[in-house]
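Everything below concerns the one structure shown next.
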Amino acid sequence: MAIALAAAPAIAWLVYRLAKGLGFLEPSIDRQHELRRTIVIAIYAFLLFLPVLFYGFEKGWPRAWVLFGFVDGLALLFFAGSGIWAARTLWTLRHSVVLEPAASPAEPDPAALADAAIQEPAADESPALRDRTLRS
């Protein structure tokens, strides 16, 4: 018990340095950064709570610890659900298909209009005059 009390400040400082190094103490840059943080927290919670459940079921959960095991299981389910939700949301955010708007039929293509104007004779021009060569 004395070793745990002596080591607690050092472990708290290491956790603080890890959180600061991973950027958990700074505000989120964007939605992807926020979702990545949620995923990392869910993984840490999984690594923390799952061994406690294994240990408890191995030892048969003494009566005083049954409630602790129940709360531990609920916390594990909550963090697993939030991690899965964040991973799915991040995946859809990063792999969303951006559809380019199609040209509306009301707006004709300018190149097609130019080609049509060159190929079709004007209404006031007779075909006979158009075929003659001009002499200067």
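Residue numbering restarts at 1 in every chain; chains get A, B, ... in the order shown in the structure tokens, and ligands count up from 1 in that same order.
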
Could you give me, as CSV, a per-residue list for range 71-102 of chain A showing, wherever an atom lies at most 8 Å from an atom of range 22-42 of chain A, the closest pair of atoms and their distance in Å to one decimal, using only C-alpha atoms and sorting by chain then residue number from low to high?
residue,atom,partner,partner_atom,distance
A:Phe79,CA,A:Ala42,CA,5.0
A:Ala80,CA,A:Ala42,CA,6.0
A:Ser82,CA,A:Ala42,CA,6.9
A:Gly83,CA,A:Ile39,CA,4.8
A:Ile84,CA,A:Ile39,CA,7.6
A:Ala86,CA,A:Leu35,CA,5.3
A:Ala87,CA,A:Ile39,CA,6.5
A:Thr89,CA,A:Leu35,CA,7.7
A:Leu90,CA,A:Gln32,CA,6.2
A:Leu93,CA,A:Gln32,CA,7.7

Per DSSP on the backbone, filter range 9-95 of chain A down to the residues in alpha helix (DSSP H) and report them as a PDB file with C-alpha atoms, in the first residue's frame.
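Result written to selection24.pdb:
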ATOM      1  CA  PRO A   9       2.107  11.104  -8.067  1.00  0.00           C
ATOM      2  CA  ALA A  10       4.645   9.710 -10.535  1.00  0.00           C
ATOM      3  CA  ILE A  11       1.958   7.751 -12.384  1.00  0.00           C
ATOM      4  CA  ALA A  12      -0.328  10.800 -12.437  1.00  0.00           C
ATOM      5  CA  TRP A  13       2.517  12.899 -13.879  1.00  0.00           C
ATOM      6  CA  LEU A  14       3.207  10.254 -16.563  1.00  0.00           C
ATOM      7  CA  VAL A  15      -0.474  10.169 -17.521  1.00  0.00           C
ATOM      8  CA  TYR A  16      -0.464  13.986 -17.695  1.00  0.00           C
ATOM      9  CA  ARG A  17       2.629  13.982 -19.957  1.00  0.00           C
ATOM     10  CA  LEU A  18       1.084  11.321 -22.174  1.00  0.00           C
ATOM     11  CA  ALA A  19      -2.171  13.277 -22.491  1.00  0.00           C
ATOM     12  CA  LYS A  20      -0.267  16.479 -23.250  1.00  0.00           C
ATOM     13  CA  GLY A  21       1.939  14.727 -25.807  1.00  0.00           C
ATOM     14  CA  LEU A  22      -1.059  13.220 -27.584  1.00  0.00           C
ATOM     15  CA  ARG A  31     -14.456  17.071 -36.139  1.00  0.00           C
ATOM     16  CA  GLN A  32     -11.953  14.384 -37.216  1.00  0.00           C
ATOM     17  CA  HIS A  33      -9.590  15.327 -34.369  1.00  0.00           C
ATOM     18  CA  GLU A  34     -12.447  15.057 -31.872  1.00  0.00           C
ATOM     19  CA  LEU A  35     -13.470  11.622 -33.174  1.00  0.00           C
ATOM     20  CA  ARG A  36      -9.879  10.359 -33.044  1.00  0.00           C
ATOM     21  CA  ARG A  37      -9.689  11.376 -29.391  1.00  0.00           C
ATOM     22  CA  THR A  38     -12.889   9.477 -28.650  1.00  0.00           C
ATOM     23  CA  ILE A  39     -11.481   6.368 -30.319  1.00  0.00           C
ATOM     24  CA  VAL A  40      -8.226   6.555 -28.330  1.00  0.00           C
ATOM     25  CA  ILE A  41     -10.119   7.012 -25.052  1.00  0.00           C
ATOM     26  CA  ALA A  42     -12.328   4.020 -25.903  1.00  0.00           C
ATOM     27  CA  ILE A  43      -9.239   1.881 -26.546  1.00  0.00           C
ATOM     28  CA  TYR A  44      -7.679   2.922 -23.223  1.00  0.00           C
ATOM     29  CA  ALA A  45     -10.946   2.183 -21.409  1.00  0.00           C
ATOM     30  CA  PHE A  46     -11.105  -1.209 -23.110  1.00  0.00           C
ATOM     31  CA  LEU A  47      -7.555  -1.991 -21.968  1.00  0.00           C
ATOM     32  CA  LEU A  48      -8.442  -0.898 -18.434  1.00  0.00           C
ATOM     33  CA  PHE A  49     -11.889  -2.435 -17.894  1.00  0.00           C
ATOM     34  CA  LEU A  50     -11.579  -5.740 -19.751  1.00  0.00           C
ATOM     35  CA  PRO A  51      -8.805  -7.195 -17.537  1.00  0.00           C
ATOM     36  CA  VAL A  52     -10.833  -6.211 -14.463  1.00  0.00           C
ATOM     37  CA  LEU A  53     -13.775  -8.217 -15.789  1.00  0.00           C
ATOM     38  CA  PHE A  54     -11.557 -11.194 -16.597  1.00  0.00           C
ATOM     39  CA  TYR A  55     -10.023 -11.088 -13.126  1.00  0.00           C
ATOM     40  CA  GLY A  56     -13.412 -10.776 -11.468  1.00  0.00           C
ATOM     41  CA  PHE A  57     -14.928 -13.711 -13.340  1.00  0.00           C
ATOM     42  CA  GLU A  58     -11.832 -15.787 -12.695  1.00  0.00           C
ATOM     43  CA  LYS A  59     -12.044 -15.160  -8.938  1.00  0.00           C
ATOM     44  CA  VAL A  66     -20.495  -7.898  -7.660  1.00  0.00           C
ATOM     45  CA  LEU A  67     -21.759  -4.327  -7.888  1.00  0.00           C
ATOM     46  CA  PHE A  68     -18.287  -3.154  -8.905  1.00  0.00           C
ATOM     47  CA  GLY A  69     -18.230  -5.798 -11.639  1.00  0.00           C
ATOM     48  CA  PHE A  70     -21.651  -4.695 -12.864  1.00  0.00           C
ATOM     49  CA  VAL A  71     -20.554  -1.039 -13.041  1.00  0.00           C
ATOM     50  CA  ASP A  72     -17.303  -2.092 -14.708  1.00  0.00           C
ATOM     51  CA  GLY A  73     -19.228  -4.013 -17.359  1.00  0.00           C
ATOM     52  CA  LEU A  74     -21.542  -1.045 -17.992  1.00  0.00           C
ATOM     53  CA  ALA A  75     -18.538   1.267 -18.359  1.00  0.00           C
ATOM     54  CA  LEU A  76     -16.935  -1.184 -20.774  1.00  0.00           C
ATOM     55  CA  LEU A  77     -20.117  -1.311 -22.860  1.00  0.00           C
ATOM     56  CA  PHE A  78     -20.442   2.490 -22.844  1.00  0.00           C
ATOM     57  CA  PHE A  79     -16.868   3.100 -23.990  1.00  0.00           C
ATOM     58  CA  ALA A  80     -17.041   0.294 -26.555  1.00  0.00           C
ATOM     59  CA  GLY A  81     -20.229   1.807 -27.993  1.00  0.00           C
ATOM     60  CA  SER A  82     -18.793   5.317 -28.092  1.00  0.00           C
ATOM     61  CA  GLY A  83     -15.590   4.042 -29.725  1.00  0.00           C
ATOM     62  CA  ILE A  84     -17.479   2.110 -32.381  1.00  0.00           C
ATOM     63  CA  TRP A  85     -19.759   5.088 -33.036  1.00  0.00           C
ATOM     64  CA  ALA A  86     -16.761   7.447 -33.331  1.00  0.00           C
ATOM     65  CA  ALA A  87     -14.911   5.060 -35.649  1.00  0.00           C
ATOM     66  CA  ARG A  88     -17.959   4.690 -37.894  1.00  0.00           C
ATOM     67  CA  THR A  89     -18.571   8.449 -37.960  1.00  0.00           C
ATOM     68  CA  LEU A  90     -14.909   9.139 -38.726  1.00  0.00           C
ATOM     69  CA  TRP A  91     -14.953   6.591 -41.533  1.00  0.00           C
ATOM     70  CA  THR A  92     -18.071   8.105 -43.116  1.00  0.00           C
ATOM     71  CA  LEU A  93     -16.607  11.590 -42.702  1.00  0.00           C
ATOM     72  CA  ARG A  94     -13.332  10.675 -44.384  1.00  0.00           C
TER      73      ARG A  94
END
